[in-house]
Amino acid sequence: MALEQYLRERLKHKDMLLMTHVVCGYPSFEENLKALEVMAEFDVDLVELQFPFSEPSADGPLFVKANQAAVSSGVHTRDCFQFMKKVAELFPFKLLMMGYYNTAFKLGEAEFMQSLQAAGGSGYIIPDLPLEEAGEMHRLSAEVDLDPIILMTPTNTDARLKTLGEAAKGFVYAVARKGVTGSKTQMDAEVTSFIEHCRQYTDLPIGVGFGISDKTDMDFLRGKADIAIIGTAALKKWEEGGEDALRGFFSELLG
Amino acid sequence: MSKTKSHTSSNPLNTMPDKKGYFGEYGGQIIPPDLIKIMNEINDAYDEIIQMESFQTELQMLYRDYVGRPSPIYLAKRLTASCGGARIFLKREDLNHTGAHKINHCLGEALLAKHMGKTKVLAETGAGQHGVALATACALVGIDCEIHMGEVDIEKEHPNVTKMKILGCTLVPVSRGTRTLKDAVDSAFEEYLKDPVNYLYAIGSVVGPHPFPKMVRDFQSIVGREAREQFLTRENKLPDLLVACVGGGSNSIGLFSAFLEDESVKMVGVEPAGKGLDTDDHAATMTLGVKGALHGFECYNLQDKDGNPLPVYSIASGLDYPAVGPQHCHLKDIKRVEYKAIDDDECLDAFMQLSRLEGIIPALESAHAVAYAMKVARIMSKEDTILVNLSGRGDKDADFVANVLSL
C-alpha cells in the first residue's frame, strides 16, 4: 500500500500517528530490534531507520555520536538494507530510510533506490538534499514507487513552501524549529501557525518533528499534526535504561 | 598568446560557478534545505557588496595599510642555484599581517558579516591559522567571533590558541570524536544552525556550499592579480609554472585564478602524500579521491566504500582535509591544473633548505609547494621560471620541526 494511503487508513482510527527513529547498528542491531519491539508494542505507525554517516550535518550531538559510533563499529550501507528487510518482515509499521546524500551518491542513486525498494522501504528522508539537487533522486524513486519525504521549515518563504508542496509525496515533514535535532522546542502559537501555514501548501498528512519529547508536546500537537515524530528523546531513554526505560517513556508519552 | 593580454572580467573559468554554484559537476549546495535561503542571502549580499565602491575602497585600503599588500615576489637565488635549473620565485604571502594568505578572505568575510548586520562570526579551525586570521579580522571590524577547535589541536597549536584568546574571540574546545578538525566542523556547524539568520559561518577555504567557494576565491584572487602584474613588470613575461599547496585549496586558487587563460602557464597544485600514497596516512584527495558529497558540496574526496570520509593525515595540519574545493576538481578534470603529491620527508627537507638557503622559514603547508618546485626546477631549463605561492610562514611549526629533526 502506498505510504499516503497507509497513513490515511491509520488516521481513521487514531487522532495522531507516531513516527520514531532508530540509528542502524547503534548501539547494535540486536538492541535496535529490542527497541523496535517496544515501539511495536505501542503501535508506532512509521519508523525512520537512519543509515549511519560520519558527518550527519542536520543532527544534534546525540545522533552525531550514535552515527559515528555505528560507522566506527563497521556498520555498512548493505548491512542497513539487510536490517531494513528483516525489520520489514518482523514488524507491521512502515519504514523510511533516513540518511545523508553521500550514502546514496556513493552507492549509485539508481542502485540505492532499487535496494531500498527491495528492502521493503516506503520512502526516504535525506536532510542534506535540497529540492534543487534532488531531481534525479526523485525521478528514480518515482519509478519504483518510493516517496521522497520533503521537509518544510519555518524559514521557508511562501513561494518555497508552494514548490515544496508540489514535490512532496507520502507526507510532509514539518520541522518545528531552526537548528539540529535533539534540542527542546517550545511548543507555542508559533508552531501552531507554522503547521497551519504548511497546510496551505499541501493536502498530504503533516508530521511534526524536532524537539518533541514528552506528553505535553504530544497533547499540544494533537488536532494540529497528523504525525508526531520522536527522535532524540527515545534514544536518550534507551541510553538511560534500555527496554524498560523506553517502555516507560512511551507509556508516559501516550498515556 | 600575447603576454600583455588584458586579464580581468573576460575569463570564463573565473566567471564560474553557474547560478547553482557548480563548477562543471562539482560544488552546489548539498545542505539542509533550510540553509539554502540563508546561503542565497549571503550570495546576494556578496554580489551587492562587491559592486559597492565604499566596500572596495575599504577592502583595498585594508589590504594595503593593514595586511601590507602587495606582498612582494622574491627571486630565491640560492635555492635556485642549489637546484640548478629553472629560477624559483616566491610570492611572499608569508609576509602578510598574521603570517599567511588567510587574512585576505577573512577581512572580506568579516566586512560582509558586518554589512549584513550579522551579530556573530563563527568558524572552525585546525592548525589555528584560519582562526587567528578570522579573530584578527573580527577584532578589526568589531564583530563577535567564535572559533571551534578540537582539543587535540588546541594542545598542539598552543601559540595560535593564545593569540585567539588575546584577540578576544570565544574559543570553544571540542571534545567529541577524534577531537580534531572534522569534529570542530560539526561543532561549529551545529552552533551556526541555531541561528543562521544572525550568524555568519566564515568558511576557511574554497570549500563548503555555494557561494563560499566563489567568494573565498574572489577574495584570494588578489594574490594572483598582484603576482601576474609583478612578474610581468619584473621579467617582461609570464612564469612558466605556478606551484601552490592544496588542502581545501584557497591559496592555490588565489594564485591560479589570474592565470587560467594564459595557456603558456602550467599550474601544479601540491597535495600532502603524508607518510606515503601507499599508506593510509595521507590527504591526497585529488590523486586518490573519488567523487562524493561532503560538508555541503560535491567534490573529490577520500571516502570509504559507504561514502564516509576517511581519516586523513599530513604533517601540515592545514592540509589534512578529506575533501577539496570544487573549482580545483573541475580544473583537474579539464586538465588545466595538474595535482601532484609531496610526502612528509620531502616537505621537511624543503622546509630546512628554504630556511637555510634563503633565511625564510615556511609554513609546513607551503613547504609542500617549495618541495615540488625544487624537484622540478632541476629538470627544467635555466631560462624557465617557477612561481611558488609561499602561502604562510613557519613560526607556528618551528618547535614541532625542531623536535622532529632533533635540532
# chains A, B, ... in the order shown; residues from 1 in each chain; ligands from 1
call {"tool": "interface_residues", "arguments": {"of": "chain A", "to": "chain B", "cutoff": "6 Å", "atoms": "only C-alpha atoms", "output": "list in words"}}
result
Ser54, Thr77, Asn102, Thr103, Lys106, Pro127, Asp128, Leu129, Pro130 and Gly179 of chain A
call {"tool": "residues_around", "arguments": {"residues": "A:Gly248", "least_positions_apart": "6", "cutoff": "10 Å", "atoms": "only C-alpha atoms", "output": "ChimeraX atom specification"}}
result
/A:38,237,241,255
call {"tool": "residues_around", "arguments": {"residues": "A:Met39", "least_positions_apart": "5", "cutoff": "8 Å", "atoms": "only C-alpha atoms", "output": "count of residues only"}}
result
3
call {"tool": "residues_around", "arguments": {"residues": "A:Ala176", "least_positions_apart": "2", "cutoff": "7 Å", "atoms": "only C-alpha atoms", "output": "JSON list (two decimals) with all heavy atoms, in the first residue's frame"}}
result
[["chain", "number", "residue", "atom", "x", "y", "z"],
["A", 153, "THR", "N", 10.19, 24.07, 6.58],
["A", 153, "THR", "CA", 10.77, 24.68, 7.78],
["A", 153, "THR", "C", 10.24, 26.10, 7.97],
["A", 153, "THR", "O", 9.77, 26.71, 7.02],
["A", 153, "THR", "CB", 12.31, 24.74, 7.68],
["A", 153, "THR", "OG1", 12.65, 25.73, 6.70],
["A", 153, "THR", "CG2", 12.92, 23.41, 7.26],
["A", 174, "ALA", "N", 7.26, 18.56, 8.79],
["A", 174, "ALA", "CA", 7.38, 19.96, 9.20],
["A", 174, "ALA", "C", 8.38, 20.06, 10.34],
["A", 174, "ALA", "O", 8.20, 19.43, 11.39],
["A", 174, "ALA", "CB", 6.02, 20.50, 9.62],
["A", 191, "VAL", "N", 4.49, 27.49, 16.59],
["A", 191, "VAL", "CA", 4.47, 26.16, 15.99],
["A", 191, "VAL", "C", 3.09, 25.91, 15.34],
["A", 191, "VAL", "O", 2.99, 25.43, 14.22],
["A", 191, "VAL", "CB", 4.78, 25.06, 17.04],
["A", 191, "VAL", "CG1", 4.66, 23.68, 16.43],
["A", 191, "VAL", "CG2", 6.19, 25.27, 17.61],
["A", 208, "VAL", "N", 5.17, 16.35, 12.43],
["A", 208, "VAL", "CA", 5.93, 17.43, 13.05],
["A", 208, "VAL", "C", 7.04, 16.83, 13.90],
["A", 208, "VAL", "O", 6.80, 15.95, 14.73],
["A", 208, "VAL", "CB", 5.02, 18.34, 13.91],
["A", 208, "VAL", "CG1", 5.84, 19.42, 14.60],
["A", 208, "VAL", "CG2", 3.94, 18.98, 13.04],
["A", 209, "GLY", "N", 8.25, 17.31, 13.66],
["A", 209, "GLY", "CA", 9.39, 16.78, 14.41],
["A", 209, "GLY", "C", 10.38, 17.85, 14.80],
["A", 209, "GLY", "O", 10.17, 19.03, 14.51],
["A", 210, "PHE", "N", 11.41, 17.45, 15.46],
["A", 210, "PHE", "CA", 12.49, 18.27, 16.03],
["A", 210, "PHE", "C", 12.08, 18.77, 17.41],
["A", 210, "PHE", "O", 11.32, 19.73, 17.53],
["A", 210, "PHE", "CB", 12.89, 19.47, 15.13],
["A", 210, "PHE", "CG", 13.88, 19.12, 14.04],
["A", 210, "PHE", "CD1", 13.67, 18.00, 13.24],
["A", 210, "PHE", "CD2", 15.03, 19.88, 13.84],
["A", 210, "PHE", "CE1", 14.57, 17.67, 12.24],
["A", 210, "PHE", "CE2", 15.93, 19.56, 12.84],
["A", 210, "PHE", "CZ", 15.70, 18.45, 12.04]]
call {"tool": "select_by_dssp", "arguments": {"residues": "stretch 96-188 of chain B", "states": "strand (DSSP E)", "output": "number ranges by chain"}}
result
B: 120-125, 144-150, 170-174
call {"tool": "write_last_selection", "arguments": {"atoms": "C-alpha atoms", "output": "compact mmCIF listing (two decimals), in the first residue's frame"}}
result
# COMPACT_ATOMS: atom_id res chain seq x y z
CA LYS B 120 28.46 36.82 15.32
CA VAL B 121 31.02 35.21 13.03
CA LEU B 122 31.66 31.51 13.60
CA ALA B 123 34.23 29.12 12.26
CA GLU B 124 36.24 26.02 12.94
CA THR B 125 39.99 25.90 12.83
CA ASP B 144 31.87 38.90 17.83
CA CYS B 145 33.89 35.89 16.81
CA GLU B 146 33.57 32.28 17.98
CA ILE B 147 36.09 29.64 16.96
CA HIS B 148 35.62 25.90 17.48
CA MET B 149 38.77 23.86 17.78
CA GLY B 150 39.45 20.22 18.61
CA THR B 170 35.43 32.94 22.15
CA LEU B 171 37.32 29.69 21.80
CA VAL B 172 35.17 26.57 22.06
CA PRO B 173 37.19 23.39 22.75
CA VAL B 174 35.69 20.37 21.00
call {"tool": "atom_distance", "arguments": {"atom1": "atom CA of A:Met137", "atom2": "atom CA of A:Phe112"}}
result
9.4 Å
call {"tool": "select_by_dssp", "arguments": {"residues": "stretch 3-115 of chain B", "states": "alpha helix (DSSP H)", "output": "ChimeraX atom specification"}}
result
/B:12-15,33-51,53-62,77-83,102-115
call {"tool": "residues_around", "arguments": {"residues": "stretch 222-226 of chain A", "least_positions_apart": "5", "cutoff": "9 Å", "atoms": "only C-alpha atoms", "output": "PyMOL selection string"}}
result
chain A and resi 7+11+15-18+192+195-196+205-208+217
call {"tool": "write_last_selection", "arguments": {"atoms": "C-alpha atoms", "output": "PDB file, in the first residue's frame"}}
result
ATOM      1  CA  LEU A   7      -1.248   6.865   6.736  1.00  0.00           C
ATOM      2  CA  LEU A  11      -5.651   8.156  10.682  1.00  0.00           C
ATOM      3  CA  ASP A  15      -6.158  11.011  16.094  1.00  0.00           C
ATOM      4  CA  MET A  16      -2.410  11.300  15.662  1.00  0.00           C
ATOM      5  CA  LEU A  17       0.150   8.864  14.340  1.00  0.00           C
ATOM      6  CA  LEU A  18       3.618   8.300  15.700  1.00  0.00           C
ATOM      7  CA  THR A 192       0.677  26.120  15.546  1.00  0.00           C
ATOM      8  CA  ILE A 195       1.722  23.927  10.839  1.00  0.00           C
ATOM      9  CA  GLU A 196      -1.337  25.814   9.604  1.00  0.00           C
ATOM     10  CA  PRO A 205      -0.634  14.421   6.106  1.00  0.00           C
ATOM     11  CA  ILE A 206       1.805  16.546   8.108  1.00  0.00           C
ATOM     12  CA  GLY A 207       4.340  15.118  10.512  1.00  0.00           C
ATOM     13  CA  VAL A 208       5.927  17.431  13.051  1.00  0.00           C
ATOM     14  CA  ASP A 217       4.221  18.174  23.467  1.00  0.00           C
TER      15      ASP A 217
END
call {"tool": "residues_around", "arguments": {"residues": "A:Pro148", "least_positions_apart": "2", "cutoff": "12 Å", "atoms": "only C-alpha atoms", "output": "PyMOL selection string"}}
result
chain A and resi 3-4+96-98+113+116+121-127+129-131+134-146+150-151+164-173
call {"tool": "closest_residue", "arguments": {"among": "B:Lys156, B:Lys114, B:His105, B:Lys382", "to": "B:Asp218", "atoms": "only C-alpha atoms"}}
result
B:His105
call {"tool": "atom_distance", "arguments": {"atom1": "atom CA of B:His328", "atom2": "atom CA of B:Gly269"}}
result
8.7 Å
call {"tool": "residues_around", "arguments": {"residues": "A:Phe194", "least_positions_apart": "5", "cutoff": "10 Å", "atoms": "only C-alpha atoms", "output": "PyMOL selection string"}}
result
chain A and resi 152-155+174-177+189+199
call {"tool": "closest_residue", "arguments": {"among": "B:Thr233, B:Ser264, B:Ser252, B:Thr180", "to": "B:Pro311", "atoms": "only C-alpha atoms"}}
result
B:Thr180
call {"tool": "closest_residue", "arguments": {"among": "B:Ile73, B:Leu95, B:Ala350, B:Leu59", "to": "B:Val401", "atoms": "only C-alpha atoms"}}
result
B:Ala350
